[in-house]
Amino acid sequence: MAKVITVTNQKGGVGKTTTSVNLAFYLAKAGKKTLLVDFDPQGNASSGLGVKEKDVAKTISAVVLGDAELKDIIVQPAKKKCKNLYLAPTNVELADSEVNMNAEESPDKFFILKKAIATVAKDYDFIVIDSQPSLSLLTVNSMAAANYLLLPVQTEYYALEGVAELLRTVNDIKKGINPKLKLLGVLATMYDKRTSLSSQVLAEVKRYFKDKVFEVTIPRNVRLAEAPSHGVAIGQYDRFSKGAKAYKSLADEVLERVK
Ligand SMILES: Nc1ncnc2c1ncn2[C@@H]1O[C@H](COP(=O)(O)OP(=O)(O)O)[C@@H](O)[C@H]1O
Ligand SMILES: [Mg+2]
């Protein structure tokens, strides 16, 4: 049965998609059959793996609307295949689908993604969900579907801004719709060891989250920003880069933590 990890933070630009794509890639490389679910209508995880809207007949929005089965929309990354890596692509229609999801009887509307994932969970070792930068119904669905949350925080100003609100939401979700939800870990992203700011912020994040913080930090690395425009994961673009090494270490830590 797949372990489901949702990568979440309601702030944009903190490295959620970069983390989702590259964690999924290195879990796959470690021999784990992995499904990356792109659950942000912006579709950056899909395009980052070279899967464009025009290449796919149906996306996750058809699944949440009940017009397709999850297994029927799953594809393999287009530019360079990776044996164990699969993708459930999305597009902007997911934003419209959310309106229809809201019309569903409460509380069913929180479990639409969870129900879809349950239909394929036995076929994968890991399912990684990339979520939207907001505390929307889509995001709540992605938390309801998860066993674990992975929280990337950018080691720059205001790293912890919004975190209290996020944790309140997570607590509400644990009290109600997903009591077993666990925080897998907090990941420091875009870390620049040359600046004192980065290390100050990391220290602050460690004070707050203690041993929940992953040992590995993700460095600011231009190769990580370039890879998506080539439609491949960092390990397929420049596997010797600092970014690649860091995300490989993250996958190792994740494998250790879910044991
Ligand atoms: N460690 C990093 N080093 C350099 N650029 C990064 C790094 N992580 C992410 N980026 C870039 O920063 C931007 C935001 O990252 P992204 O993963 O899309 O964040 P989010 O999904 O949280 O909005 C993207 O352009 C991405 O390529
Ligand atoms: Mg994103």
# chains A, B, ... in the order shown; residues from 1 in each chain; ligands from 1
call {"tool": "residues_around", "arguments": {"residues": "stretch 122-131 of chain A", "least_positions_apart": "6", "cutoff": "7 Å", "atoms": "only C-alpha atoms", "output": "JSON list (two decimals) with N, CA and C atoms, in the first residue's frame"}}
result
[["chain", "number", "residue", "atom", "x", "y", "z"],
["A", 1, "MET", "N", 0.85, -1.21, 0.00],
["A", 1, "MET", "CA", 0.00, 0.00, 0.00],
["A", 1, "MET", "C", 0.87, 1.25, 0.00],
["A", 2, "ALA", "N", 0.57, 2.18, -0.87],
["A", 2, "ALA", "CA", 1.42, 3.37, -1.00],
["A", 2, "ALA", "C", 1.39, 4.22, 0.26],
["A", 3, "LYS", "N", 2.53, 4.81, 0.56],
["A", 3, "LYS", "CA", 2.58, 5.86, 1.56],
["A", 3, "LYS", "C", 2.36, 7.18, 0.83],
["A", 4, "VAL", "N", 1.44, 7.97, 1.34],
["A", 4, "VAL", "CA", 1.06, 9.20, 0.64],
["A", 4, "VAL", "C", 1.64, 10.42, 1.36],
["A", 5, "ILE", "N", 2.45, 11.19, 0.63],
["A", 5, "ILE", "CA", 3.13, 12.36, 1.19],
["A", 5, "ILE", "C", 2.64, 13.61, 0.46],
["A", 6, "THR", "N", 2.04, 14.54, 1.19],
["A", 6, "THR", "CA", 1.64, 15.81, 0.59],
["A", 6, "THR", "C", 2.66, 16.88, 0.91],
["A", 7, "VAL", "N", 3.15, 17.55, -0.12],
["A", 7, "VAL", "CA", 4.10, 18.64, 0.05],
["A", 7, "VAL", "C", 3.29, 19.93, 0.10],
["A", 8, "THR", "N", 3.36, 20.61, 1.23],
["A", 8, "THR", "CA", 2.44, 21.73, 1.41],
["A", 8, "THR", "C", 3.06, 22.92, 2.12],
["A", 16, "LYS", "N", 7.86, 24.06, -3.13],
["A", 16, "LYS", "CA", 6.97, 22.88, -3.07],
["A", 16, "LYS", "C", 7.09, 22.02, -4.32],
["A", 17, "THR", "N", 6.95, 22.66, -5.48],
["A", 17, "THR", "CA", 6.94, 21.88, -6.72],
["A", 17, "THR", "C", 8.31, 21.27, -6.99],
["A", 20, "SER", "N", 8.54, 18.36, -4.71],
["A", 20, "SER", "CA", 7.66, 17.25, -5.09],
["A", 20, "SER", "C", 8.26, 16.46, -6.26],
["A", 24, "ALA", "N", 10.01, 12.82, -5.71],
["A", 24, "ALA", "CA", 9.37, 11.71, -6.42],
["A", 24, "ALA", "C", 10.38, 11.00, -7.33],
["A", 32, "LYS", "N", 11.53, 2.59, -5.77],
["A", 32, "LYS", "CA", 10.15, 2.66, -5.28],
["A", 32, "LYS", "C", 9.24, 3.14, -6.40],
["A", 33, "LYS", "N", 8.19, 2.38, -6.65],
["A", 33, "LYS", "CA", 7.24, 2.82, -7.68],
["A", 33, "LYS", "C", 6.48, 4.03, -7.13],
["A", 34, "THR", "N", 6.62, 5.15, -7.81],
["A", 34, "THR", "CA", 6.16, 6.43, -7.26],
["A", 34, "THR", "C", 5.23, 7.15, -8.23],
["A", 35, "LEU", "N", 4.12, 7.62, -7.68],
["A", 35, "LEU", "CA", 3.18, 8.44, -8.45],
["A", 35, "LEU", "C", 3.22, 9.87, -7.92],
["A", 36, "LEU", "N", 3.50, 10.81, -8.80],
["A", 36, "LEU", "CA", 3.44, 12.22, -8.45],
["A", 36, "LEU", "C", 2.08, 12.76, -8.89],
["A", 37, "VAL", "N", 1.31, 13.27, -7.94],
["A", 37, "VAL", "CA", 0.00, 13.83, -8.26],
["A", 37, "VAL", "C", 0.13, 15.35, -8.29],
["A", 38, "ASP", "N", -0.08, 15.94, -9.44],
["A", 38, "ASP", "CA", -0.02, 17.39, -9.56],
["A", 38, "ASP", "C", -1.38, 17.95, -9.17],
["A", 39, "PHE", "N", -1.46, 18.52, -7.97],
["A", 39, "PHE", "CA", -2.76, 19.00, -7.48],
["A", 39, "PHE", "C", -2.77, 20.51, -7.32],
["A", 40, "ASP", "N", -1.94, 21.18, -8.12],
["A", 40, "ASP", "CA", -1.96, 22.65, -8.19],
["A", 40, "ASP", "C", -2.40, 23.01, -9.61],
["A", 139, "THR", "N", -6.36, 22.08, -1.29],
["A", 139, "THR", "CA", -5.29, 21.78, -0.33],
["A", 139, "THR", "C", -5.81, 20.89, 0.80],
["A", 142, "SER", "N", -5.88, 17.50, -0.38],
["A", 142, "SER", "CA", -4.55, 16.87, -0.45],
["A", 142, "SER", "C", -4.05, 16.49, 0.95]]
call {"tool": "closest_atom_pairs", "arguments": {"of": "chain A", "to": "ligand 1", "cutoff": "7 Å", "atoms": "only C-alpha atoms and all ligand atoms", "output": "CSV"}}
result
residue,atom,partner,partner_atom_place_in_ligand_line,distance
A:Lys11,CA,ligand 1,22 (O),6.6
A:Gly12,CA,ligand 1,23 (O),4.0
A:Gly13,CA,ligand 1,23 (O),3.3
A:Val14,CA,ligand 1,22 (O),3.9
A:Gly15,CA,ligand 1,17 (O),3.2
A:Lys16,CA,ligand 1,22 (O),3.7
A:Thr17,CA,ligand 1,21 (O),3.7
A:Thr18,CA,ligand 1,17 (O),3.7
A:Thr19,CA,ligand 1,17 (O),6.3
A:Asn44,CA,ligand 1,18 (O),6.9
A:Pro133,CA,ligand 1,23 (O),6.7
A:Thr189,CA,ligand 1,1 (N),5.5
A:Met190,CA,ligand 1,1 (N),4.0
A:Tyr191,CA,ligand 1,1 (N),7.0
A:Ile218,CA,ligand 1,1 (N),5.4
A:Pro219,CA,ligand 1,1 (N),5.0
A:Arg220,CA,ligand 1,3 (N),3.4
A:Asn221,CA,ligand 1,3 (N),3.9
A:Val222,CA,ligand 1,4 (C),4.8
A:Leu224,CA,ligand 1,3 (N),5.4
A:Ala225,CA,ligand 1,27 (O),3.3
A:Glu226,CA,ligand 1,27 (O),6.5
A:Pro228,CA,ligand 1,27 (O),6.9
A:Gly243,CA,ligand 1,1 (N),6.5
call {"tool": "residues_around", "arguments": {"residues": "A:Gly162", "least_positions_apart": "4", "cutoff": "10 Å", "atoms": "only C-alpha atoms", "output": "short mmCIF file (atom, residue, chain, number, x, y, z; two decimals) with C-alpha atoms, in the first residue's frame"}}
result
data_model
loop_
_atom_site.label_atom_id
_atom_site.label_comp_id
_atom_site.auth_asym_id
_atom_site.auth_seq_id
_atom_site.Cartn_x
_atom_site.Cartn_y
_atom_site.Cartn_z
CA ASN A 9 2.89 25.36 2.44
CA GLN A 10 0.30 27.99 1.62
CA LYS A 11 3.06 30.39 0.60
CA TYR A 158 9.45 35.63 6.90
CA LEU A 166 -0.93 26.32 8.47
CA LEU A 167 -0.38 24.33 11.67
CA ARG A 168 -3.81 25.41 12.96
#
call {"tool": "closest_residue", "arguments": {"among": "A:Val213, A:Leu113, A:Ala78, A:Val63", "to": "A:Val232", "atoms": "only C-alpha atoms"}}
result
A:Ala78
call {"tool": "select_by_dssp", "arguments": {"residues": "stretch 11-161 of chain A", "states": "strand (DSSP E or B)", "output": "count of residues only"}}
result
24
call {"tool": "closest_residue", "arguments": {"among": "A:Lys114, A:Lys242, A:Lys58, A:Lys109", "to": "A:Leu137", "atoms": "only C-alpha atoms"}}
result
A:Lys109
call {"tool": "residues_around", "arguments": {"residues": "A:Lys83", "least_positions_apart": "4", "cutoff": "9 Å", "atoms": "only C-alpha atoms", "output": "ChimeraX atom specification"}}
result
/A:28-29,31,33,76
call {"tool": "write_last_selection", "arguments": {"atoms": "N, CA and C atoms", "output": "compact mmCIF listing (two decimals), in the first residue's frame"}}
result
# COMPACT_ATOMS: atom_id res chain seq x y z
N ALA A 28 11.75 7.15 -6.90
CA ALA A 28 11.66 6.23 -8.04
C ALA A 28 13.02 5.61 -8.33
N LYS A 29 14.06 6.46 -8.30
CA LYS A 29 15.42 5.97 -8.55
C LYS A 29 15.85 4.94 -7.51
N GLY A 31 14.14 2.74 -6.46
CA GLY A 31 13.44 1.49 -6.74
C GLY A 31 12.01 1.45 -6.25
N LYS A 33 8.19 2.38 -6.65
CA LYS A 33 7.24 2.82 -7.68
C LYS A 33 6.48 4.03 -7.13
N GLN A 76 3.61 8.55 -17.99
CA GLN A 76 5.01 8.61 -17.57
C GLN A 76 5.61 9.89 -18.14
call {"tool": "closest_residue", "arguments": {"among": "A:Val186, A:Ala62, A:Val21, A:Ile234", "to": "ligand 2", "atoms": "only C-alpha atoms and all ligand atoms"}}
result
A:Val21
call {"tool": "closest_residue", "arguments": {"among": "A:Leu94, A:Ala246, A:Val258, A:Gly235", "to": "A:Lys81", "atoms": "only C-alpha atoms"}}
result
A:Gly235
call {"tool": "residues_around", "arguments": {"residues": "A:Lys54", "least_positions_apart": "6", "cutoff": "12 Å", "atoms": "only C-alpha atoms", "output": "PyMOL selection string"}}
result
chain A and resi 46-47+89-91
call {"tool": "write_last_selection", "arguments": {"atoms": "C-alpha atoms", "output": "PDB file, in the first residue's frame"}}
result
ATOM      1  CA  SER A  46       3.372  18.435 -14.905  1.00  0.00           C
ATOM      2  CA  SER A  47       5.221  20.870 -17.153  1.00  0.00           C
ATOM      3  CA  PRO A  89      -1.115  15.596 -14.588  1.00  0.00           C
ATOM      4  CA  THR A  90      -3.262  18.640 -14.052  1.00  0.00           C
ATOM      5  CA  ASN A  91      -4.180  21.850 -15.807  1.00  0.00           C
TER       6      ASN A  91
END
call {"tool": "select_by_dssp", "arguments": {"residues": "stretch 80-249 of chain A", "states": "alpha helix (DSSP H)", "output": "PyMOL selection string"}}
result
chain A and resi 93-103+112-118+137-144+163-175+196-209+222-226+234-237+242-249
call {"tool": "atom_distance", "arguments": {"atom1": "atom CA of A:Tyr148", "atom2": "atom CA of A:Val170"}}
result
11.0 Å
call {"tool": "residues_around", "arguments": {"residues": "A:Asp172", "least_positions_apart": "5", "cutoff": "12 Å", "atoms": "only C-alpha atoms", "output": "VMD selection string"}}
result
chain A and resid 140 143 to 144 165 to 167 177 to 179 181
call {"tool": "closest_residue", "arguments": {"among": "A:Ala116, A:Ala95, A:Ala45, A:Val254", "to": "ligand 2", "atoms": "only C-alpha atoms and all ligand atoms"}}
result
A:Ala45
call {"tool": "atom_distance", "arguments": {"atom1": "atom CA of A:Tyr86", "atom2": "atom CA of A:Ala57"}}
result
15.9 Å
call {"tool": "residues_around", "arguments": {"residues": "stretch 196-201 of chain A", "least_positions_apart": "3", "cutoff": "10 Å", "atoms": "only C-alpha atoms", "output": "ChimeraX atom specification"}}
result
/A:153-160,188-193,204-207
call {"tool": "write_last_selection", "arguments": {"atoms": "N, CA and C atoms", "output": "CSV table (one decimal), in the first residue's frame"}}
result
chain,number,residue,atom,x,y,z
A,153,VAL,N,10.2,25.1,3.8
A,153,VAL,CA,10.3,26.5,4.2
A,153,VAL,C,11.5,27.2,3.6
A,154,GLN,N,11.3,28.3,3.0
A,154,GLN,CA,12.4,29.0,2.3
A,154,GLN,C,13.2,29.7,3.4
A,155,THR,N,14.5,29.5,3.4
A,155,THR,CA,15.3,30.1,4.4
A,155,THR,C,15.7,31.6,4.1
A,156,GLU,N,14.6,32.4,4.0
A,156,GLU,CA,14.7,33.8,3.8
A,156,GLU,C,13.8,34.5,4.7
A,157,TYR,N,13.7,35.8,4.6
A,157,TYR,CA,12.8,36.6,5.5
A,157,TYR,C,11.5,36.0,5.5
A,158,TYR,N,10.8,36.1,6.7
A,158,TYR,CA,9.4,35.6,6.9
A,158,TYR,C,9.2,34.1,6.6
A,159,ALA,N,10.3,33.3,6.8
A,159,ALA,CA,10.1,31.9,6.6
A,159,ALA,C,9.0,31.3,7.3
A,160,LEU,N,8.8,31.8,8.6
A,160,LEU,CA,7.8,31.2,9.4
A,160,LEU,C,6.4,31.9,9.4
A,188,ALA,N,14.3,22.8,4.8
A,188,ALA,CA,14.9,24.1,4.6
A,188,ALA,C,15.3,24.2,3.1
A,189,THR,N,14.7,25.1,2.4
A,189,THR,CA,14.9,25.2,0.9
A,189,THR,C,15.7,26.6,0.6
A,190,MET,N,16.3,26.6,-0.6
A,190,MET,CA,17.0,27.8,-1.1
A,190,MET,C,18.0,28.3,0.0
A,191,TYR,N,18.6,27.4,0.6
A,191,TYR,CA,19.6,27.7,1.7
A,191,TYR,C,20.9,28.2,1.0
A,192,ASP,N,21.3,29.3,1.6
A,192,ASP,CA,22.6,29.9,1.1
A,192,ASP,C,23.5,30.0,2.2
A,193,LYS,N,24.5,29.1,2.3
A,193,LYS,CA,25.3,29.1,3.5
A,193,LYS,C,26.3,30.3,3.6
A,204,GLU,N,16.2,29.4,13.5
A,204,GLU,CA,14.8,29.8,14.0
A,204,GLU,C,13.8,28.6,13.7
A,205,VAL,N,14.0,28.1,12.5
A,205,VAL,CA,13.1,27.0,12.1
A,205,VAL,C,13.4,25.8,12.9
A,206,LYS,N,14.6,25.5,13.3
A,206,LYS,CA,15.0,24.4,14.2
A,206,LYS,C,14.5,24.6,15.6
A,207,ARG,N,14.5,25.9,16.1
A,207,ARG,CA,13.9,26.1,17.4
A,207,ARG,C,12.4,25.8,17.4
call {"tool": "closest_residue", "arguments": {"among": "A:Glu104, A:Lys259, A:Ala30, A:Val120", "to": "A:Ile73", "atoms": "only C-alpha atoms"}}
result
A:Val120
